[in-house]
>>> print(open('final19.cif').read())   # mmCIF, C-alpha atoms (C1' of nucleotides)
data_work
#
loop_
_atom_site.label_atom_id
_atom_site.label_comp_id
_atom_site.auth_asym_id
_atom_site.auth_seq_id
_atom_site.Cartn_x
_atom_site.Cartn_y
_atom_site.Cartn_z
CA MET L 1 14.11 50.57 -2.07
CA GLN L 2 10.69 49.21 -2.78
CA ALA L 3 10.45 46.11 -4.85
CA SER L 4 7.52 47.73 -6.61
CA LYS L 5 9.76 50.54 -7.89
CA ARG L 6 12.26 48.05 -9.18
CA ALA L 7 9.63 45.98 -10.93
CA LYS L 8 9.67 48.40 -13.87
CA ASP L 9 13.31 47.55 -14.35
CA PRO L 10 13.56 45.72 -17.69
CA LEU L 11 16.15 43.42 -16.11
CA ILE L 12 13.50 41.80 -13.93
CA CYS L 13 12.46 38.41 -15.28
CA ASN L 14 8.79 38.13 -16.16
CA GLY L 15 8.89 34.43 -15.40
CA ALA L 16 10.40 34.92 -11.96
CA ALA L 17 7.88 37.65 -11.11
CA LEU L 18 5.04 35.38 -12.18
CA ARG L 19 6.37 32.54 -10.07
CA LYS L 20 6.73 34.71 -7.01
CA ALA L 21 3.20 36.08 -7.31
CA THR L 22 1.87 32.57 -7.83
CA ARG L 23 3.64 31.25 -4.75
CA ARG L 24 2.20 34.06 -2.65
CA ILE L 25 -1.35 33.75 -3.93
CA THR L 26 -1.24 29.98 -3.60
CA GLN L 27 -0.22 30.36 0.03
CA LEU L 28 -2.94 32.91 0.76
CA TYR L 29 -5.71 31.00 -1.00
CA ASP L 30 -4.61 27.62 0.40
CA ALA L 31 -4.74 28.99 3.94
CA VAL L 32 -8.34 30.09 3.39
CA LEU L 33 -9.32 26.85 1.63
CA ALA L 34 -7.63 24.65 4.25
CA PRO L 35 -10.80 23.87 6.24
CA CYS L 36 -12.33 22.04 3.25
CA GLY L 37 -9.20 19.98 2.63
CA LEU L 38 -8.66 21.14 -0.95
CA SER L 39 -5.74 23.18 -2.23
CA VAL L 40 -6.09 25.78 -4.98
CA SER L 41 -4.40 23.33 -7.29
CA GLN L 42 -6.72 20.44 -6.45
CA ARG L 43 -9.84 22.57 -6.53
CA SER L 44 -8.79 23.88 -9.92
CA VAL L 45 -8.71 20.33 -11.26
CA LEU L 46 -12.24 19.65 -10.01
CA VAL L 47 -13.47 22.96 -11.45
CA HIS L 48 -12.02 22.18 -14.85
CA ILE L 49 -13.52 18.70 -14.88
CA ALA L 50 -16.93 20.07 -13.90
CA ARG L 51 -16.63 22.73 -16.58
CA ALA L 52 -15.67 20.28 -19.30
CA GLY L 53 -18.06 17.45 -18.42
CA GLU L 54 -16.12 14.24 -18.88
CA PRO L 55 -12.90 15.32 -20.57
CA THR L 56 -10.15 13.00 -21.68
CA MET L 57 -6.76 13.31 -20.03
CA SER L 58 -5.46 15.25 -23.00
CA GLU L 59 -8.40 17.63 -23.13
CA LEU L 60 -8.15 18.33 -19.42
CA ALA L 61 -4.39 18.78 -19.56
CA GLN L 62 -4.78 21.20 -22.46
CA ALA L 63 -7.46 23.21 -20.68
CA MET L 64 -5.31 23.43 -17.57
CA VAL L 65 -2.11 24.27 -19.45
CA LEU L 66 -0.62 21.26 -17.74
CA ASP L 67 1.63 18.46 -18.90
CA ARG L 68 -0.26 15.18 -19.38
CA SER L 69 1.97 13.30 -16.97
CA ALA L 70 1.66 16.08 -14.41
CA LEU L 71 -2.11 15.80 -14.67
CA ALA L 72 -1.91 12.04 -14.21
CA HIS L 73 0.12 12.58 -11.05
CA ASN L 74 -2.22 15.29 -9.75
CA LEU L 75 -5.24 13.06 -10.19
CA LYS L 76 -3.89 10.36 -7.89
CA PRO L 77 -4.71 12.05 -4.59
CA LEU L 78 -8.13 13.01 -5.97
CA GLN L 79 -8.81 9.43 -7.04
CA ARG L 80 -7.58 8.10 -3.69
CA ASP L 81 -10.01 10.43 -1.90
CA GLY L 82 -12.84 9.39 -4.21
CA TYR L 83 -13.42 12.77 -5.85
CA VAL L 84 -12.78 11.60 -9.40
CA VAL L 85 -12.65 8.35 -11.33
CA VAL L 86 -10.86 7.64 -14.59
CA ARG L 87 -12.28 5.17 -17.08
CA ARG L 88 -11.47 4.04 -20.58
CA ASP L 89 -13.30 5.77 -23.38
CA GLU L 90 -15.97 3.56 -24.97
CA VAL L 91 -15.04 4.56 -28.51
CA ASP L 92 -11.27 5.02 -28.35
CA GLY L 93 -9.66 2.50 -26.04
CA ARG L 94 -6.52 4.59 -25.75
CA SER L 95 -8.28 7.56 -24.21
CA ARG L 96 -9.26 7.86 -20.55
CA ARG L 97 -12.15 10.03 -19.43
CA VAL L 98 -12.00 11.83 -16.12
CA VAL L 99 -15.30 11.88 -14.25
CA LEU L 100 -16.32 13.83 -11.15
CA THR L 101 -17.97 11.55 -8.58
CA GLU L 102 -20.92 12.53 -6.36
CA VAL L 103 -18.46 13.00 -3.52
CA GLY L 104 -16.27 15.12 -5.75
CA GLN L 105 -19.17 17.35 -6.75
CA GLU L 106 -20.21 17.76 -3.14
CA LYS L 107 -16.64 18.57 -2.16
CA LEU L 108 -16.45 21.15 -4.90
CA SER L 109 -19.74 22.72 -3.81
CA ALA L 110 -18.63 22.70 -0.20
CA SER L 111 -15.42 24.51 -1.14
CA HIS L 112 -17.24 27.28 -2.96
CA HIS L 113 -17.88 29.67 -0.09
CA LEU L 114 -14.31 29.32 1.15
CA TRP L 115 -12.99 30.00 -2.32
CA ARG L 116 -15.36 32.98 -2.63
CA SER L 117 -13.99 34.28 0.64
CA ALA L 118 -10.41 34.06 -0.60
CA GLN L 119 -11.36 35.63 -3.92
CA ASP L 120 -13.19 38.45 -2.11
CA ARG L 121 -10.20 39.11 0.10
CA PHE L 122 -7.92 39.25 -2.90
CA GLU L 123 -10.20 41.67 -4.67
CA ALA L 124 -10.67 43.78 -1.57
CA ALA L 125 -6.89 44.22 -1.49
CA TYR L 126 -6.28 44.45 -5.22
CA GLY L 127 -9.53 45.81 -6.65
CA VAL L 128 -12.37 44.01 -8.41
CA GLU L 129 -11.83 45.69 -11.77
CA ARG L 130 -8.06 45.33 -11.61
CA ALA L 131 -8.48 41.65 -10.79
CA ALA L 132 -10.73 41.14 -13.80
CA ASP L 133 -8.17 42.91 -15.98
CA LEU L 134 -5.41 40.76 -14.51
CA ARG L 135 -7.33 37.57 -15.27
CA LEU L 136 -7.78 38.81 -18.82
CA ALA L 137 -4.06 39.48 -19.16
CA LEU L 138 -3.18 36.08 -17.71
CA ALA L 139 -5.70 34.33 -19.99
CA GLU L 140 -4.02 35.98 -22.94
CA ILE L 141 -0.62 34.83 -21.72
CA PHE L 142 -1.55 31.20 -21.16
CA SER L 143 -3.51 30.95 -24.42
CA ASP L 144 -2.19 28.74 -27.19
CA ASP L 145 -2.11 31.74 -29.52
CA PHE L 146 0.29 33.50 -27.20
CA ALA L 147 2.62 30.51 -27.12
CA LYS L 148 2.57 30.51 -30.92
CA ALA L 149 3.33 34.23 -31.00
CA PHE L 150 6.19 33.72 -28.52
CA ASN L 151 7.67 30.96 -30.64
CA ARG L 152 7.28 32.97 -33.82
CA ALA L 153 8.91 36.02 -32.29
CA ARG L 154 12.58 36.02 -33.12
CA ALA L 155 14.78 37.37 -30.45
CA ALA L 156 15.19 41.07 -31.02
CA PRO L 157 18.74 41.75 -32.17
CA SER L 158 20.29 42.89 -28.95
CA SER L 159 22.19 46.13 -29.25
CA GLY L 160 25.65 44.71 -29.33
CA MET P 1 -12.05 33.73 -28.19
CA GLN P 2 -14.35 32.53 -25.48
CA ALA P 3 -11.53 31.81 -23.11
CA SER P 4 -10.46 35.43 -22.97
CA LYS P 5 -14.08 36.64 -22.70
CA ARG P 6 -14.64 34.20 -19.91
CA ALA P 7 -11.61 35.49 -18.03
CA LYS P 8 -13.66 38.53 -16.99
CA ASP P 9 -16.09 36.13 -15.38
CA PRO P 10 -15.89 36.79 -11.62
CA LEU P 11 -16.20 33.04 -11.07
CA ILE P 12 -12.73 32.44 -12.48
CA CYS P 13 -10.18 31.84 -9.75
CA ASN P 14 -7.34 34.36 -9.67
CA GLY P 15 -5.06 31.72 -8.21
CA ALA P 16 -5.80 29.19 -10.92
CA ALA P 17 -5.29 31.81 -13.65
CA LEU P 18 -1.96 32.79 -12.14
CA ARG P 19 -0.85 29.16 -11.95
CA LYS P 20 -1.79 28.49 -15.56
CA ALA P 21 0.07 31.55 -16.81
CA THR P 22 3.09 30.60 -14.72
CA ARG P 23 3.16 27.05 -16.08
CA ARG P 24 3.02 28.38 -19.62
CA ILE P 25 5.69 31.02 -19.19
CA THR P 26 7.92 28.60 -17.32
CA GLN P 27 7.66 26.18 -20.23
CA LEU P 28 8.41 28.87 -22.81
CA TYR P 29 11.34 30.40 -20.92
CA ASP P 30 12.77 27.01 -19.94
CA ALA P 31 12.81 25.92 -23.57
CA VAL P 32 14.83 28.99 -24.51
CA LEU P 33 17.15 28.67 -21.50
CA ALA P 34 17.71 24.94 -22.02
CA PRO P 35 21.06 25.27 -23.87
CA CYS P 36 22.68 26.76 -20.76
CA GLY P 37 21.36 24.05 -18.47
CA LEU P 38 19.49 26.38 -16.12
CA SER P 39 15.74 26.54 -15.62
CA VAL P 40 13.92 29.80 -14.90
CA SER P 41 13.58 28.64 -11.33
CA GLN P 42 17.27 27.87 -10.89
CA ARG P 43 18.40 31.01 -12.65
CA SER P 44 16.12 33.05 -10.46
CA VAL P 45 17.87 31.69 -7.38
CA LEU P 46 21.27 32.69 -8.76
CA VAL P 47 19.96 36.14 -9.70
CA HIS P 48 18.60 36.74 -6.23
CA ILE P 49 21.83 35.62 -4.59
CA ALA P 50 23.86 37.91 -6.86
CA ARG P 51 21.49 40.77 -6.14
CA ALA P 52 21.66 40.29 -2.37
CA GLY P 53 25.37 39.57 -2.01
CA GLU P 54 25.69 36.80 0.54
CA PRO P 55 22.20 36.48 1.97
CA THR P 56 21.20 34.12 4.74
CA MET P 57 18.72 31.37 3.94
CA SER P 58 15.92 33.38 5.54
CA GLU P 59 16.77 36.57 3.68
CA LEU P 60 16.93 34.75 0.38
CA ALA P 61 13.71 32.88 1.04
CA GLN P 62 11.97 36.10 1.95
CA ALA P 63 13.22 37.88 -1.17
CA MET P 64 12.07 35.00 -3.34
CA VAL P 65 8.68 34.64 -1.60
CA LEU P 66 9.69 31.05 -0.99
CA ASP P 67 9.39 28.75 1.97
CA ARG P 68 12.70 28.22 3.80
CA SER P 69 12.58 24.48 3.37
CA ALA P 70 11.69 24.84 -0.30
CA LEU P 71 14.73 27.05 -0.76
CA ALA P 72 16.92 24.50 1.00
CA HIS P 73 15.68 21.83 -1.41
CA ASN P 74 16.14 24.08 -4.44
CA LEU P 75 19.72 24.83 -3.48
CA LYS P 76 20.77 21.17 -3.53
CA PRO P 77 21.09 20.79 -7.31
CA LEU P 78 22.90 24.16 -7.44
CA GLN P 79 25.33 23.07 -4.73
CA ARG P 80 25.86 19.72 -6.40
CA ASP P 81 26.74 21.51 -9.66
CA GLY P 82 29.08 23.86 -7.82
CA TYR P 83 27.18 27.08 -8.52
CA VAL P 84 26.64 27.99 -4.88
CA VAL P 85 28.07 27.11 -1.49
CA VAL P 86 26.42 27.44 1.88
CA ARG P 87 28.46 28.23 4.97
CA ARG P 88 27.73 29.06 8.57
CA ASP P 89 27.58 32.72 9.45
CA GLU P 90 30.64 33.86 11.38
CA VAL P 91 28.61 35.89 13.84
CA ASP P 92 25.42 33.86 14.23
CA GLY P 93 26.07 30.14 14.18
CA ARG P 94 22.43 29.40 13.44
CA SER P 95 22.41 31.29 10.15
CA ARG P 96 23.78 29.98 6.86
CA ARG P 97 24.97 32.31 4.16
CA VAL P 98 24.47 31.43 0.53
CA VAL P 99 27.39 32.38 -1.69
CA LEU P 100 27.69 32.38 -5.46
CA THR P 101 30.85 30.60 -6.60
CA GLU P 102 33.01 31.67 -9.54
CA VAL P 103 31.43 28.91 -11.58
CA GLY P 104 28.00 30.09 -10.50
CA GLN P 105 28.72 33.66 -11.54
CA GLU P 106 30.02 32.51 -14.90
CA LYS P 107 26.98 30.30 -15.39
CA LEU P 108 24.72 33.22 -14.57
CA SER P 109 26.58 35.46 -17.01
CA ALA P 110 26.46 32.79 -19.67
CA SER P 111 22.70 32.47 -19.25
CA HIS P 112 22.09 36.18 -19.69
CA HIS P 113 21.78 36.33 -23.45
CA LEU P 114 19.46 33.33 -23.51
CA TRP P 115 17.30 34.88 -20.82
CA ARG P 116 17.32 38.18 -22.71
CA SER P 117 16.16 36.31 -25.79
CA ALA P 118 13.24 34.75 -23.93
CA GLN P 119 12.36 38.07 -22.33
CA ASP P 120 12.46 39.81 -25.71
CA ARG P 121 10.23 37.18 -27.26
CA PHE P 122 7.75 37.55 -24.46
CA GLU P 123 7.71 41.30 -24.85
CA ALA P 124 7.47 41.08 -28.60
CA ALA P 125 4.29 39.04 -28.14
CA TYR P 126 2.89 40.90 -25.15
CA GLY P 127 4.30 44.40 -25.41
CA VAL P 128 7.21 46.01 -23.60
CA GLU P 129 5.09 48.54 -21.72
CA ARG P 130 2.41 46.02 -20.86
CA ALA P 131 5.09 43.66 -19.56
CA ALA P 132 6.51 46.38 -17.33
CA ASP P 133 3.02 47.10 -16.01
CA LEU P 134 2.45 43.39 -15.43
CA ARG P 135 5.67 43.10 -13.43
CA LEU P 136 4.54 46.06 -11.37
CA ALA P 137 1.18 44.43 -10.69
CA LEU P 138 2.83 41.14 -9.80
CA ALA P 139 5.34 42.87 -7.51
CA GLU P 140 2.45 44.49 -5.70
CA ILE P 141 0.74 41.12 -5.33
CA PHE P 142 3.75 39.26 -3.94
CA SER P 143 4.74 42.10 -1.61
CA ASP P 144 4.44 41.56 2.12
CA ASP P 145 2.11 44.54 2.36
CA PHE P 146 -0.32 42.86 0.01
CA ALA P 147 -0.33 39.70 2.11
CA LYS P 148 -1.07 41.85 5.15
CA ALA P 149 -3.91 43.59 3.31
CA PHE P 150 -5.28 40.21 2.21
CA ASN P 151 -5.23 38.90 5.75
CA ARG P 152 -6.79 42.07 7.14
CA ALA P 153 -9.65 41.89 4.67
CA ARG P 154 -11.86 39.43 6.42
CA ALA P 155 -15.58 39.25 5.87
CA ALA P 156 -16.14 37.42 9.14
CA PRO P 157 -15.73 39.63 12.23
CA SER P 158 -13.05 38.51 14.64
CA SER P 159 -14.11 38.08 18.24
CA GLY P 160 -11.96 40.58 20.01
"C1'" DC O 1 -5.55 -9.49 -42.58
"C1'" DG O 2 -0.69 -8.23 -40.99
"C1'" DC O 3 2.60 -4.73 -40.00
"C1'" DA O 4 4.62 -0.03 -39.44
"C1'" DT O 5 3.32 4.35 -37.77
"C1'" DT O 6 0.82 7.43 -35.01
"C1'" DT O 7 -1.56 8.61 -30.97
"C1'" DG O 8 -3.00 8.64 -25.88
"C1'" DC O 9 -1.41 7.36 -21.44
"C1'" DG O 10 1.27 5.78 -17.46
"C1'" DT O 11 5.81 5.29 -14.99
"C1'" DG O 12 10.23 6.58 -13.33
"C1'" DC O 13 13.27 10.11 -12.34
"C1'" DA O 14 14.38 14.89 -11.15
"C1'" DT O 15 13.16 19.25 -9.52
"C1'" DA O 16 9.77 22.53 -7.14
"C1'" DT O 17 7.02 23.72 -3.20
"C1'" DG O 18 5.19 23.72 1.54
"C1'" DC O 19 4.01 21.91 6.34
"C1'" DC O 20 5.50 19.96 10.50
"C1'" DA O 21 8.66 18.12 13.71
"C1'" DG O 22 13.17 18.02 15.34
"C1'" DT O 23 17.98 20.02 16.11
"C1'" DA O 24 21.31 23.55 16.88
"C1'" DT O 25 22.28 28.06 18.40
"C1'" DC O 26 21.61 32.51 20.50
"C1'" DA O 27 19.81 35.83 23.97
"C1'" DG O 28 17.98 36.77 28.43
"C1'" DT O 29 17.34 35.38 33.38
"C1'" DC O 30 18.57 34.05 37.86
"C1'" DG Q 1 26.86 28.86 34.35
"C1'" DA Q 2 22.48 26.17 33.81
"C1'" DC Q 3 17.47 27.10 32.50
"C1'" DT Q 4 14.10 29.13 29.32
"C1'" DG Q 5 12.38 30.90 25.28
"C1'" DA Q 6 13.11 32.52 20.67
"C1'" DT Q 7 15.39 31.94 16.21
"C1'" DA Q 8 17.68 29.62 11.97
"C1'" DC Q 9 17.94 25.74 9.75
"C1'" DT Q 10 17.39 20.58 8.37
"C1'" DG Q 11 14.77 16.37 7.26
"C1'" DG Q 12 10.72 13.70 6.32
"C1'" DC Q 13 6.46 13.47 4.02
"C1'" DA Q 14 3.08 14.91 0.52
"C1'" DT Q 15 1.87 17.22 -3.55
"C1'" DA Q 16 3.08 19.73 -8.04
"C1'" DT Q 17 5.38 19.81 -12.46
"C1'" DG Q 18 7.76 18.20 -16.58
"C1'" DC Q 19 10.78 15.09 -19.56
"C1'" DA Q 20 12.09 10.64 -21.45
"C1'" DC Q 21 10.66 6.31 -22.27
"C1'" DG Q 22 7.72 2.36 -22.71
"C1'" DC Q 23 2.99 0.23 -23.38
"C1'" DA Q 24 -1.43 -0.20 -25.51
"C1'" DA Q 25 -4.59 0.85 -28.96
"C1'" DA Q 26 -6.09 2.99 -33.26
"C1'" DT Q 27 -4.91 3.99 -38.04
"C1'" DG Q 28 -2.81 3.73 -42.59
"C1'" DC Q 29 -0.86 0.82 -46.17
"C1'" DG Q 30 -0.15 -3.15 -48.95
#
>>> encode(input="final19.cif", output="structure tokens")
Amino acid sequence: MQASKRAKDPLICNGAALRKATRRITQLYDAVLAPCGLSVSQRSVLVHIARAGEPTMSELAQAMVLDRSALAHNLKPLQRDGYVVVRRDEVDGRSRRVVLTEVGQEKLSASHHLWRSAQDRFEAAYGVERAADLRLALAEIFSDDFAKAFNRARAAPSSG
Amino acid sequence: MQASKRAKDPLICNGAALRKATRRITQLYDAVLAPCGLSVSQRSVLVHIARAGEPTMSELAQAMVLDRSALAHNLKPLQRDGYVVVRRDEVDGRSRRVVLTEVGQEKLSASHHLWRSAQDRFEAAYGVERAADLRLALAEIFSDDFAKAFNRARAAPSSG
DNA sequence: CGCATTTGCGTGCATATGCCAGTATCAGTC
DNA sequence: GACTGATACTGGCATATGCACGCAAATGCG
């Protein structure tokens, strides 16, 4: 009956399960973050920029496990709202560096307590330790090494 | 690596981690599924329809943890390609029932070995048991009960 | 220095996802 | 049987995501 019982079923797609969980968590976090006007997705971009300093488009896309063109699209609303600016790299004219503006930094700071609230709620429901373990598992999965291992792994000869 | 060490950091957003892992897995699975012309997302819709029989839009959306309007949009390419049809419910004229066509069933069957290949690769890299545990964790997270627990867990006291 | 290749991005198109407003339909009331 | 409220769905708008293709700039080669 329960979906949780069925989840052990090897016929359940890992990708579909991941997508469903992501949709749910995005909804829950977005609802909590709503008052500050940032979505989880948008806040994640600002966090990654702040973490990296002034990354190029490629560096930022790589860090976010995001397609370059998708990143370019995602930056548009953030540029429009004045949270980030993109400028040509001084050394390599092909590269663009993404920079967090003052307004963007303030917005990010202002979003922190709301994000913390959402995170706390998640961990109250799921468990602090379990959440940390989950993040570790997810970090392994989205790592470049994992993608390499996936692509190296030949499909197991199905019994038939 | 540092990335995996940092994942334990309580300042890492669970939502962002989930989104990154989902983007990665979607890319990996989609690449394997490409020959059959279905994406993980599209195949997941067909799987859920097959599993449910002839669900209404609401039932299908609920099962997929997907917004009703999002589901309606997602069905359009599948209708256009003749994999599903949507018809009014005989009893309740407001409801629409989503039905898998012959072509849709064949497409789903044809995609199975490709999906199995992707799933096997994932589990070769991540571990069969660990994958089953992950699906269980994800199923817990996207369950309605979890959403209720999340929404109950409020730090701020409600006036009433 | 001039040209072919490589590299870093942006654009256009298609799909994915969600919110809100509007429409159609059903159930209950008088 | 018309009015009222609830329910199921659709459409419009905005963002998210990725692929194919084209542009601009750096690099390698003669």
>>> closest_residue(input="final19.cif", among="O:DT5, O:DT23, O:DA16, O:DC30", to="chain P", atoms="only C-alpha atoms (C1' of nucleotides)")
O:DA16
>>> interface_residues(input="final19.cif", of="chain P", to="chain Q", cutoff="8 Å", atoms="only C-alpha atoms (C1' of nucleotides)", output="VMD selection string")
chain P and resid 58 69 94 to 96
>>> atom_distance(input="final19.cif", atom1="atom CA of L:Thr101", atom2="atom CA of L:Val85")
6.8 Å
>>> interface_residues(input="final19.cif", of="chain O", to="chain L", cutoff="12 Å", atoms="all atoms listed in the file", output="mmCIF file with C-alpha atoms (C1' of nucleotides), in the frame of the given file")
data_model
loop_
_atom_site.group_PDB
_atom_site.id
_atom_site.type_symbol
_atom_site.label_atom_id
_atom_site.label_comp_id
_atom_site.auth_asym_id
_atom_site.auth_seq_id
_atom_site.Cartn_x
_atom_site.Cartn_y
_atom_site.Cartn_z
ATOM 1 C "C1'" DT O 7 -1.560 8.610 -30.970
ATOM 2 C "C1'" DG O 8 -3.000 8.640 -25.880
ATOM 3 C "C1'" DC O 9 -1.410 7.360 -21.440
ATOM 4 C "C1'" DG O 10 1.270 5.780 -17.460
ATOM 5 C "C1'" DT O 11 5.810 5.290 -14.990
ATOM 6 C "C1'" DG O 12 10.230 6.580 -13.330
ATOM 7 C "C1'" DA O 16 9.770 22.530 -7.140
ATOM 8 C "C1'" DT O 17 7.020 23.720 -3.200
ATOM 9 C "C1'" DG O 18 5.190 23.720 1.540
ATOM 10 C "C1'" DC O 19 4.010 21.910 6.340
#
>>> interface_residues(input="final19.cif", of="chain P", to="chain L", cutoff="8 Å", atoms="all atoms listed in the file", output="JSON, numbers by chain")
{"P": [3, 4, 5, 7, 8, 9, 10, 12, 13, 14, 15, 16, 17, 18, 19, 20, 21, 22, 23, 24, 25, 26, 28, 29, 40, 41, 44, 64, 65, 66, 117, 118, 119, 120, 121, 122, 124, 125, 126, 131, 132, 133, 135, 136, 138, 139, 140, 141, 142, 143, 146, 147, 149, 150, 151, 153, 154, 155]}
>>> closest_residue(input="final19.cif", among="L:Leu114, L:Ala52, L:Val84, L:Ala31", to="L:Glu102", atoms="only C-alpha atoms")
L:Val84
>>> atom_distance(input="final19.cif", atom1="atom CA of P:Val98", atom2="atom C1' of O:DC13")
27.3 Å
>>> atom_distance(input="final19.cif", atom1="atom CA of P:Val86", atom2="atom CA of P:Val99")
6.2 Å
>>> axis_aligned_box(input="final19.cif", around="stretch 27-45 of chain L", padding_each_side="3 Å", output="lines of an AutoDock Vina configuration file")
center_x = -6.3
center_y = 26.4
center_z = -2.5
size_x = 18.1
size_y = 18.9
size_z = 23.5
